[in-house]
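Asker: Take a look at protein26.cif, mmCIF, C-alpha atoms:
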```cif
data_final
loop_
_atom_site.group_PDB
_atom_site.id
_atom_site.type_symbol
_atom_site.label_atom_id
_atom_site.label_comp_id
_atom_site.auth_asym_id
_atom_site.auth_seq_id
_atom_site.Cartn_x
_atom_site.Cartn_y
_atom_site.Cartn_z
ATOM 1 C CA MET L 589 12.485 -20.805 11.253
ATOM 2 C CA LYS L 590 9.584 -20.006 8.938
ATOM 3 C CA PRO L 591 8.908 -16.265 8.558
ATOM 4 C CA ARG L 592 5.444 -15.044 9.501
ATOM 5 C CA HIS L 593 3.512 -11.830 9.082
ATOM 6 C CA GLU L 594 2.429 -9.953 12.180
ATOM 7 C CA TRP L 595 0.021 -7.114 13.010
ATOM 8 C CA LYS L 596 -0.204 -5.418 16.380
ATOM 9 C CA HIS L 597 -2.941 -3.036 17.528
ATOM 10 C CA GLU L 598 -3.424 -1.231 20.835
ATOM 11 C CA ILE L 599 -7.048 -1.766 21.880
ATOM 12 C CA THR L 600 -9.487 -1.025 24.704
ATOM 13 C CA ALA L 601 -11.477 -3.253 27.042
ATOM 14 C CA ALA L 602 -14.577 -2.600 24.916
ATOM 15 C CA ASP L 603 -12.644 -3.664 21.806
ATOM 16 C CA ARG L 604 -11.696 -6.913 23.533
ATOM 17 C CA LEU L 605 -15.354 -7.764 24.123
ATOM 18 C CA VAL L 606 -16.180 -7.067 20.474
ATOM 19 C CA LEU L 607 -13.281 -9.203 19.276
ATOM 20 C CA SER L 608 -14.240 -12.043 21.603
ATOM 21 C CA ALA L 609 -17.731 -12.200 20.132
ATOM 22 C CA ARG L 610 -16.511 -12.020 16.529
ATOM 23 C CA LEU L 611 -13.613 -14.441 16.816
ATOM 24 C CA SER L 612 -15.575 -16.997 18.831
ATOM 25 C CA ALA L 613 -17.975 -17.200 15.890
ATOM 26 C CA VAL L 614 -15.357 -17.822 13.180
ATOM 27 C CA ALA L 615 -12.229 -19.244 14.841
ATOM 28 C CA ARG L 616 -11.361 -21.917 17.368
ATOM 29 C CA ARG L 617 -10.220 -21.114 20.875
ATOM 30 C CA ASP L 618 -6.648 -22.177 21.467
ATOM 31 C CA ARG L 619 -6.625 -25.558 23.229
ATOM 32 C CA HIS L 620 -4.145 -24.268 25.810
ATOM 33 C CA GLY L 621 -5.517 -22.847 29.005
ATOM 34 C CA GLN L 622 -9.160 -22.603 29.991
ATOM 35 C CA ASN L 623 -11.343 -21.893 26.964
ATOM 36 C CA GLY L 624 -8.367 -20.364 25.193
ATOM 37 C CA ARG L 625 -7.323 -18.118 28.086
ATOM 38 C CA TYR L 626 -4.099 -18.554 30.003
ATOM 39 C CA GLU L 627 -1.443 -16.652 31.895
ATOM 40 C CA ILE L 628 2.056 -16.149 30.529
ATOM 41 C CA ARG L 629 5.213 -15.447 32.495
ATOM 42 C CA SER L 630 8.301 -14.492 30.506
ATOM 43 C CA LEU L 631 11.805 -13.519 31.513
ATOM 44 C CA TYR L 632 13.560 -11.358 28.931
ATOM 45 C CA PHE L 633 17.297 -11.095 28.363
ATOM 46 C CA ASP L 634 19.291 -7.990 27.512
ATOM 47 C CA ASP L 635 22.906 -6.840 27.586
ATOM 48 C CA PRO L 636 24.481 -4.071 29.697
ATOM 49 C CA LYS L 637 23.799 -1.563 26.892
ATOM 50 C CA ASP L 638 20.085 -2.501 26.774
ATOM 51 C CA THR L 639 20.482 -3.335 23.088
ATOM 52 C CA ALA L 640 17.211 -5.287 22.789
ATOM 53 C CA LEU L 641 15.289 -2.442 24.420
ATOM 54 C CA ARG L 642 16.934 0.325 22.392
ATOM 55 C CA GLU L 643 16.586 -1.481 19.065
ATOM 56 C CA LYS L 644 12.867 -1.921 19.703
ATOM 57 C CA ILE L 645 12.373 1.729 20.690
ATOM 58 C CA ASP L 646 14.429 2.913 17.704
ATOM 59 C CA GLY L 647 12.500 0.675 15.296
ATOM 60 C CA VAL L 648 15.534 -1.255 14.029
ATOM 61 C CA SER L 649 14.204 -3.447 11.229
ATOM 62 C CA ARG L 650 16.443 -6.451 11.940
ATOM 63 C CA ARG L 651 16.642 -7.432 15.569
ATOM 64 C CA GLU L 652 16.389 -10.380 17.946
ATOM 65 C CA LYS L 653 15.618 -11.093 21.577
ATOM 66 C CA PHE L 654 15.814 -14.069 23.905
ATOM 67 C CA ARG L 655 13.268 -14.992 26.564
ATOM 68 C CA ILE L 656 12.200 -17.958 28.644
ATOM 69 C CA ARG L 657 8.539 -18.523 29.459
ATOM 70 C CA TYR L 658 5.962 -20.827 30.936
ATOM 71 C CA TYR L 659 2.191 -20.856 31.063
ATOM 72 C CA SER L 660 -0.437 -20.664 33.799
ATOM 73 C CA GLY L 661 2.066 -21.359 36.568
ATOM 74 C CA ASP L 662 3.136 -24.736 35.128
ATOM 75 C CA ALA L 663 6.930 -24.800 35.436
ATOM 76 C CA SER L 664 7.065 -28.366 34.097
ATOM 77 C CA TYR L 665 6.952 -26.920 30.554
ATOM 78 C CA ILE L 666 9.406 -24.050 30.081
ATOM 79 C CA CYS L 667 10.618 -22.797 26.708
ATOM 80 C CA LEU L 668 13.655 -20.813 25.729
ATOM 81 C CA GLU L 669 12.687 -18.724 22.713
ATOM 82 C CA LYS L 670 14.617 -16.555 20.283
ATOM 83 C CA LYS L 671 12.346 -14.160 18.448
ATOM 84 C CA SER L 672 13.709 -12.504 15.317
ATOM 85 C CA LYS L 673 12.311 -9.710 13.172
ATOM 86 C CA TRP L 674 13.435 -8.605 9.773
ATOM 87 C CA ASP L 675 11.801 -6.303 7.213
ATOM 88 C CA GLY L 676 8.309 -6.620 8.682
ATOM 89 C CA LEU L 677 8.400 -10.405 9.109
ATOM 90 C CA CYS L 678 8.928 -12.357 12.316
ATOM 91 C CA GLY L 679 10.157 -15.806 13.263
ATOM 92 C CA LYS L 680 10.723 -17.824 16.400
ATOM 93 C CA ARG L 681 12.922 -20.729 17.455
ATOM 94 C CA SER L 682 12.340 -22.542 20.715
ATOM 95 C CA VAL L 683 13.650 -25.375 22.855
ATOM 96 C CA LEU L 684 12.501 -26.884 26.132
ATOM 97 C CA LEU L 685 14.285 -26.267 29.423
ATOM 98 C CA SER L 686 13.822 -28.021 32.741
ATOM 99 C CA ALA L 687 13.124 -26.033 35.889
ATOM 100 C CA GLN L 688 16.493 -27.208 37.221
ATOM 101 C CA GLU L 689 18.275 -25.864 34.128
ATOM 102 C CA VAL L 690 16.485 -22.535 34.422
ATOM 103 C CA GLN L 691 17.393 -22.199 38.082
ATOM 104 C CA ALA L 692 21.030 -23.021 37.314
ATOM 105 C CA LEU L 693 21.030 -20.286 34.662
ATOM 106 C CA LEU L 694 19.505 -17.799 37.108
ATOM 107 C CA ASP L 695 22.112 -18.758 39.711
ATOM 108 C CA GLY L 696 24.906 -18.014 37.233
ATOM 109 C CA ASP L 697 25.818 -21.663 36.639
ATOM 110 C CA LEU L 698 26.242 -21.600 32.854
ATOM 111 C CA ASP L 699 28.773 -24.341 32.083
ATOM 112 C CA TRP L 700 26.080 -26.961 31.418
ATOM 113 C CA MET L 701 24.750 -24.801 28.567
ATOM 114 C CA SER L 702 27.855 -25.261 26.432
ATOM 115 C CA ARG L 703 27.661 -29.055 26.832
ATOM 116 C CA CYS L 704 23.907 -29.630 26.468
ATOM 117 C CA GLY L 705 23.890 -30.351 22.722
ATOM 118 C CA ARG L 706 20.937 -28.049 22.054
ATOM 119 C CA PRO L 707 21.963 -25.352 19.536
ATOM 120 C CA LEU L 708 19.642 -22.596 20.749
ATOM 121 C CA ILE L 709 20.813 -22.969 24.351
ATOM 122 C CA GLN L 710 24.405 -22.988 23.145
ATOM 123 C CA GLU L 711 23.748 -19.805 21.160
ATOM 124 C CA LEU L 712 22.352 -18.108 24.261
ATOM 125 C CA TYR L 713 25.375 -19.305 26.234
ATOM 126 C CA SER L 714 27.721 -17.807 23.644
ATOM 127 C CA LYS L 715 25.951 -14.444 23.783
ATOM 128 C CA MET L 716 25.880 -14.466 27.559
ATOM 129 C CA LYS L 717 29.633 -14.997 27.530
ATOM 130 C CA THR L 718 30.571 -12.613 24.698
ATOM 131 C CA SER L 719 27.926 -9.867 24.897
ATOM 132 C CA GLY L 720 26.997 -9.974 28.566
ATOM 133 C CA LEU L 721 23.425 -11.021 27.863
ATOM 134 C CA ARG L 722 21.620 -11.576 31.177
ATOM 135 C CA PRO L 723 18.061 -12.030 32.482
ATOM 136 C CA ARG L 724 16.601 -8.524 32.782
ATOM 137 C CA THR L 725 12.963 -8.477 33.886
ATOM 138 C CA ILE L 726 9.854 -10.597 34.326
ATOM 139 C CA VAL L 727 6.832 -9.875 32.148
ATOM 140 C CA ASP L 728 3.442 -11.284 33.201
ATOM 141 C CA TYR L 729 0.152 -11.017 31.301
ATOM 142 C CA VAL L 730 -3.108 -12.769 30.448
ATOM 143 C CA ARG L 731 -3.763 -13.991 26.897
ATOM 144 C CA ASP L 732 -6.932 -14.888 25.007
ATOM 145 C CA ALA L 733 -5.954 -16.902 21.931
ATOM 146 C CA TYR L 734 -7.751 -18.035 18.779
ATOM 147 C CA VAL L 735 -6.571 -20.135 15.841
ATOM 148 C CA PHE L 736 -7.779 -20.491 12.263
ATOM 149 C CA PRO L 737 -6.317 -23.276 10.085
ATOM 150 C CA ALA L 738 -6.298 -21.542 6.676
ATOM 151 C CA GLY L 739 -3.173 -19.399 6.570
ATOM 152 C CA ASN L 740 -2.077 -20.859 9.923
ATOM 153 C CA VAL L 741 -3.577 -17.815 11.629
ATOM 154 C CA ARG L 742 -3.193 -17.090 15.321
ATOM 155 C CA VAL L 743 -5.005 -14.165 16.925
ATOM 156 C CA THR L 744 -4.229 -13.160 20.512
ATOM 157 C CA VAL L 745 -5.407 -10.463 22.883
ATOM 158 C CA ASP L 746 -2.967 -9.718 25.711
ATOM 159 C CA TYR L 747 -3.893 -7.681 28.778
ATOM 160 C CA ASN L 748 -3.148 -7.095 32.465
ATOM 161 C CA ILE L 749 0.522 -6.613 31.594
ATOM 162 C CA ARG L 750 2.672 -6.570 34.725
ATOM 163 C CA THR L 751 6.374 -6.077 35.315
ATOM 164 C CA GLY L 752 8.685 -7.743 37.789
ATOM 165 C CA LEU L 753 10.775 -4.531 37.793
ATOM 166 C CA ASN L 754 14.357 -5.753 38.245
ATOM 167 C CA SER L 755 13.376 -9.127 39.664
ATOM 168 C CA THR L 756 14.470 -12.310 37.920
ATOM 169 C CA ASP L 757 12.840 -14.678 40.443
ATOM 170 C CA PHE L 758 11.202 -16.367 37.492
ATOM 171 C CA LEU L 759 10.192 -19.674 39.072
ATOM 172 C CA ASN L 760 8.685 -18.148 42.205
ATOM 173 C CA PRO L 761 4.879 -17.914 41.768
ATOM 174 C CA ALA L 762 4.776 -15.414 44.642
ATOM 175 C CA CYS L 763 7.216 -13.051 42.934
ATOM 176 C CA VAL L 764 5.789 -9.540 43.205
ATOM 177 C CA THR L 765 4.809 -7.865 39.934
ATOM 178 C CA VAL L 766 3.139 -4.481 39.403
ATOM 179 C CA PRO L 767 1.127 -2.987 36.518
ATOM 180 C CA ALA L 768 3.409 -1.869 33.681
ATOM 181 C CA GLY L 769 2.435 1.785 33.764
ATOM 182 C CA ASP L 770 -0.573 2.440 31.559
ATOM 183 C CA ALA L 771 0.179 -0.421 29.156
ATOM 184 C CA PRO L 772 -2.797 -1.007 26.830
ATOM 185 C CA MET L 773 -4.390 -4.256 25.754
ATOM 186 C CA ILE L 774 -2.709 -5.647 22.646
ATOM 187 C CA LEU L 775 -4.259 -7.429 19.670
ATOM 188 C CA GLU L 776 -1.787 -9.515 17.679
ATOM 189 C CA VAL L 777 -2.547 -11.262 14.394
ATOM 190 C CA LYS L 778 0.020 -13.669 12.922
ATOM 191 C CA TRP L 779 -0.188 -15.672 9.712
ATOM 192 C CA ASP L 780 1.925 -17.428 7.088
ATOM 193 C CA GLU L 781 1.378 -16.801 3.367
ATOM 194 C CA PHE L 782 -2.088 -15.222 3.485
ATOM 195 C CA LEU L 783 -4.643 -13.797 5.904
ATOM 196 C CA PRO L 784 -8.179 -15.060 5.154
ATOM 197 C CA ASP L 785 -10.780 -12.347 4.606
ATOM 198 C CA ILE L 786 -13.008 -13.783 7.343
ATOM 199 C CA ILE L 787 -10.273 -13.113 9.928
ATOM 200 C CA ARG L 788 -9.233 -9.813 8.364
ATOM 201 C CA ASP L 789 -12.824 -8.604 8.686
ATOM 202 C CA ALA L 790 -13.226 -9.942 12.243
ATOM 203 C CA VAL L 791 -10.253 -8.011 13.610
ATOM 204 C CA GLN L 792 -11.104 -4.666 11.991
ATOM 205 C CA LEU L 793 -11.872 -2.033 14.623
ATOM 206 C CA PRO L 794 -12.773 1.625 13.985
ATOM 207 C CA GLY L 795 -9.873 3.954 14.663
ATOM 208 C CA ARG L 796 -7.363 1.167 15.353
ATOM 209 C CA HIS L 797 -4.226 0.983 13.259
ATOM 210 C CA THR L 798 -1.165 -1.236 13.143
ATOM 211 C CA ALA L 799 1.450 -0.017 15.617
ATOM 212 C CA ALA L 800 4.695 -1.191 17.141
ATOM 213 C CA PHE L 801 4.394 -2.368 20.735
ATOM 214 C CA SER L 802 6.693 -4.374 22.964
ATOM 215 C CA LYS L 803 5.593 -5.890 26.251
ATOM 216 C CA TYR L 804 9.264 -6.043 27.234
ATOM 217 C CA ALA L 805 9.708 -2.322 26.563
ATOM 218 C CA ALA L 806 6.486 -1.562 28.450
ATOM 219 C CA CYS L 807 7.774 -3.536 31.431
ATOM 220 C CA ARG L 808 10.985 -1.493 31.472
ATOM 221 C CA VAL L 809 8.958 1.656 32.132
ATOM 222 C CA TYR L 810 10.395 1.927 35.649
ATOM 223 C CA GLY L 811 13.972 1.309 34.592
#
```
With the file now loaded, output its structure as structure tokens.
Answerer:
Amino acid sequence: MKPRHEWKHEITAADRLVLSARLSAVARRDRHGQNGRYEIRSLYFDDPKDTALREKIDGVSRREKFRIRYYSGDASYICLEKKSKWDGLCGKRSVLLSAQEVQALLDGDLDWMSRCGRPLIQELYSKMKTSGLRPRTIVDYVRDAYVFPAGNVRVTVDYNIRTGLNSTDFLNPACVTVPAGDAPMILEVKWDEFLPDIIRDAVQLPGRHTAAFSKYAACRVYG
């Protein structure tokens, strides 16, 4: 898991239009989705003590969270992801799951996880058994994504963030979600060893500063 740098900024709809014009001129639209835009559905895990939520709110420097996600309603490609943060850096491990495996997990059928031979799934299984980790809430949003090869840069703008409240009906496209309070639009910039000046300049916005934001925490606004 290679560590990466990450910036997050809360932005406005007007900022998004400015960024779209700038980034379209210097970066390439992500090949996923339609012209770099796609919908994301995630299902986040937490334990009975809400450790993942509390560590994020408290700003714990070393933390991790598990989620499963798919894109633009296509449940033929589902990923289990473990996202880790430590001392300002972030990293992610992922593995593919089938829709049948996801449904078994949601139904409480976990035995297959210990036998699957995929370390990340086995790690999740262990934490579900020992720490009570369980699916907690659905998080839906729209993403505009741009990539720039130098520095392995990825710039995303996430908006229309919606919460499934306490629902874990992850594979149901008709699952009801509601706006996550007054959640803002979020600009994220990720890179490896260096951030090229052309991208650094493109994402500068007056009055916007790096801030901590969690879509999972935002989607727990109602409990």
Asker: Quick one: pull the distance between atom CA of Leu783 of chain L and atom CA of Val735 of chain L, Å, one decimal.
Answerer: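 Interatomic distance here is 11.9 Å.
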Asker: What's the 10 Å shell around Gly720 of chain L, counting all atoms listed in the file, without same-chain residues fewer than 6 positions away, as a PyMOL selection string?
Answerer: chain L and resi 633-637+713-714
Asker: For Gln691 of chain L, find every residue with an atom within 12 Å (counting only C-alpha atoms), except residues of its own chain fewer than 2 positions away, and show them as number ranges by chain.
Answerer: L: 656, 663, 666, 685-689, 693-698, 700, 723, 756-760
Asker: Just the residues within 10 Å of Tyr658 of chain L, please, counting only C-alpha atoms, with nothing from its chain fewer than 2 positions along; format it as a list of chain:residue names.
Answerer: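 Everything that qualifies: L:Glu627, L:Ile628, L:Arg629, L:Ser630, L:Leu631, L:Ile656, L:Ser660, L:Gly661, L:Asp662, L:Ala663, L:Ser664, L:Tyr665, L:Ile666, L:Cys667, L:Leu668, L:Phe758, L:Leu759.
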Asker: Would you list the contacts of Ile787 of chain L as a PyMOL selection string, taking every protein, DNA or RNA residue within 9 Å and counting only C-alpha atoms, but skipping same-chain residues closer than 5 positions in sequence?
Answerer: chain L and resi 611+614-615+736+741+743+792
Asker: Grab the atom CA of Ser719 of chain L to atom CA of Val648 of chain L distance for me, in Å with one decimal place.
Answerer: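 Interatomic distance, atom CA of Ser719 of chain L to atom CA of Val648 of chain L: 18.6 Å.
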Asker: Calculated over only C-alpha atoms, which of the candidates L:Ala771, L:Ala733, L:Ala806, L:Leu712 has the smallest distance to Ser612 of chain L?
Answerer: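 The answer is L:Ala733, which sits nearest to Ser612 of chain L.
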Asker: Measuring between all atoms listed in the file, which one of L:Thr600, L:Val730, L:Val690, L:His593 shows the shortest distance to Gly795 of chain L?
Answerer: L:Thr600
Asker: When distances are computed from all atoms listed in the file, which of L:Arg742, L:Lys670, L:Asp699, L:Thr725 shows the smallest separation from Arg788 of chain L?
Answerer: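 With all atoms listed in the file as the atom set, the closest residue is L:Arg742.
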Asker: Considering all atoms listed in the file, state which residue in the set L:Leu721, L:Ile645, L:Ala738, L:Met716 is at the smallest distance from Ala800 of chain L.
Answerer: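 Selected residue with least distance to Ala800 of chain L: L:Ile645.
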Asker: Taking all atoms listed in the file into account, name the residue in L:Gly647, L:Pro784, L:Gly679, L:Gly621 that is nearest to Lys590 of chain L.
Answerer: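 The shortest atom-to-atom distance to Lys590 of chain L comes from L:Gly679.
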Asker: Distance atom CA of Glu652 of chain L-atom CA of Lys673 of chain L, one decimal place?
Answerer: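 Distance between the two atoms: 6.3 Å.
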Asker: Rank L:Trp595, L:Tyr747, L:Tyr659, L:Tyr804 by their smallest atom-to-atom distance to Ile774 of chain L, using only C-alpha atoms, and report the top residue only.
Answerer: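 So, comparing all the options, the nearest one is L:Tyr747.
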